[in-house]
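The block underneath contains the structure these notes are about, expressed in structure tokens.
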Amino acid sequence: METAAPAAVIVAIDGPSGTGKSSTSKAVAAQLGLSYLDTGAQYRAITWWMVNNGIDLTDPTAIAAVAGKAEILSGTDPAAPTITVDGTDVAGPIRTGEVTSKVSAVSAVPEVRARITELQRSIAASAAADGVGMVVEGRDIGTTVLPDADLKIFLTASPEARAARRSGELKGADVKATQEALIKRDAADSSRKTSPLAKAGDAVEVDTTDLTLQQVIECVVTLVEEKRTSK
Ligand SMILES: Nc1ncnc2c1ncn2[C@@H]1O[C@H](COP(=O)(O)OP(=O)(O)O)[C@@H](O)[C@H]1O
Ligand SMILES: Nc1ccn([C@@H]2O[C@H](COP(=O)(O)OP(=O)(O)O)[C@@H](O)[C@H]2O)c(=O)n1
């Protein structure tokens with residue numbers, strides 16, 4: 001007798017910067033054969049387009065007026081995720097300090113969120129319909145984008161641990177300045193009116209401060225497997 005294929009699961013992983021969302025989501029998706037969506041990369045991509053097109057990012061009306069202009073495509077293979085804007089590969093340019101410092105102003109605009117949220121929902125719906133399942137990481141996935149996700153995880157870590165991790169990635173970065181920038185961005189993301197960074201009431205919170213990345217991955221894999229068998 002053939003064994004039934006595991007049911008497609010949709011996993012939402014949210015949390016502030018540097019808590020391990022991207023590394024955990026990619027590894028869990030790769031290990032379990034799920035697709036992977038980095039929603040932060042989409043907000044970075046639209047921000048990159050706005051910077052490139054000289055939009056005044058201090059003016060929410062100007063941002064809203066062009067919210068639908070850029071065509072953003074996300075490749076969802078966890079082993080090689082991709083992101084393009086109007087056909088241009090922007091995986092590198094969306095990680096510059098300039099985009100990082102401006103992304104919160106763009107992502108706070110309701111017209112931008114409505115547009116990107118719709119895109120995210122359609123990508124997740126395709127993965128579910130194909131029977132593949134997906135790990136979707138961001139700030140508002142469990143609360144707003146996919147409130148019916150099968151499993152919601154909220155990752156946290158101390159600001160010190162998060163800043164140390166981030167400055168480890170950026171060669172020569174000052175840990176104190178990195179921590180200040182990170183706290184500022186978290187505050188902006190958590191205090192915006194539309195769909196702020198928040199833990200969903202039914203999310204499992206995992207404090208990663210004293211865990212290795214491998215331990216976090218194992219913890220999330222176990223939670224996903226439990227969900228899959230109970231589906
Ligand atoms: N539990 C952990 N312990 C140590 N380093 C970690 C841990 N989780 C992630 N990292 C490292 O911290 C950095 C930021 O992780 P990332 O997954 O990009 O976080 P986020 O997506 O939440 O911003 C990466 O270099 C990653 O390898
Ligand atoms: N679901 C999401 C994901 C990201 N974002 C925005 O996009 C920015 C960049 O997200 P990111 O996941 O790439 O950030 P890091 O974890 O790399 O610091 C965040 O600071 C938010 O302003 C959002 O508003 N909602």
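Numbering starts fresh at 1 for the residues of each chain in the structure tokens, the chains themselves are lettered A, B, ... in the order given, and ligands are numbered from 1 as they appear.
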Practice prompt. For Ile13 (chain A), list every protein, DNA or RNA residue within 7 Å, evaluated using only C-alpha atoms, and leave out those in the same chain fewer than 2 positions away; present the list as a list in words.
Written response: Val11, Lys21, Val136, Glu137, Gly138, Lys152, Ile153 and Phe154 of chain A
Fill in: Near-ligand residues for ligand 2, threshold 6 Å, only C-alpha atoms and all ligand atoms, as a PyMOL selection string
chain A and resi 17-18+39-41+43-44+103-104+107+138-141+185+189
Response to the item:
Across A:Leu73, A:Cys219, A:Ala62, A:Ala149, the smallest distance to Asp202 (chain A), with only C-alpha atoms counted, is shown by A:Ala149
Practice prompt. Could you tell me how far CA of Ala177 (chain A) lies from CA of Thr194 (chain A), in Å and to one decimal?
Written response: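 CA of Thr194 (chain A) lies 27.7 Å from CA of Ala177 (chain A).
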Fill in: Site check for ligand 1: residues at most 9 Å away, only C-alpha atoms and all ligand atoms, as a count of residues only
40
Item to complete: Pull the strand (DSSP E or B) assignments for chain A out of DSSP run on the backbone, and list those residues as a ChimeraX atom specification.
Response: /A:10-14,35-38,72-75,82-85,88-89,134-138,151-156,204-207
Fill in: Separation of CA of Met134 (chain A) from CA of Pro81 (chain A) in Å
12.8 Å
Fill in: Shell of 7 Å around Val109 (chain A), only C-alpha atoms, local chain residues under 4 positions omitted, as number ranges by chain
A: 60, 64, 113
With N, CA, C and O atoms retained, write the just-selected residues as a short mmCIF file (atom, residue, chain, number, x, y, z; two decimals), in the first residue's frame.
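Everything below was put into again_23.cif:
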```cif
data_model
loop_
_atom_site.label_atom_id
_atom_site.label_comp_id
_atom_site.auth_asym_id
_atom_site.auth_seq_id
_atom_site.Cartn_x
_atom_site.Cartn_y
_atom_site.Cartn_z
N PRO A 60 4.48 60.15 2.24
CA PRO A 60 3.67 58.95 2.07
C PRO A 60 2.73 59.01 0.86
O PRO A 60 2.44 57.99 0.24
N ALA A 64 2.57 56.25 -1.99
CA ALA A 64 1.30 55.57 -2.30
C ALA A 64 0.98 55.66 -3.79
O ALA A 64 0.49 54.70 -4.40
N ARG A 113 1.44 48.20 1.53
CA ARG A 113 1.14 46.95 2.25
C ARG A 113 0.02 46.17 1.55
O ARG A 113 0.08 44.96 1.42
#
```
Fill in: Test item: residues at most 8 Å from Lys227 (chain A), only C-alpha atoms, excluding those fewer than 6 positions along its chain, as a VMD selection string
chain A and resid 9 150 to 151
Fill in: Shortest interatomic distance to Lys69 (chain A) - which of A:Ile116, A:Ala105, A:Asp148, A:Gly97, counting only C-alpha atoms
A:Ile116
Discussion item. Need to verify the contact set: Val221 (chain A), 8 Å, only C-alpha atoms, exclusion of same-chain residues closer than 4 positions in sequence. Can you return it as a list in words?
Written reply: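 The contact residues come out as Val28, Leu32, Ile217 and Glu225 of chain A.
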Worksheet item: Just asking: which residues within region 9-173 of chain A are alpha helix (DSSP H) according to DSSP, as a PyMOL selection string?
Response: chain A and resi 21-32+39-52+60-65+97-107+110-129+159-169
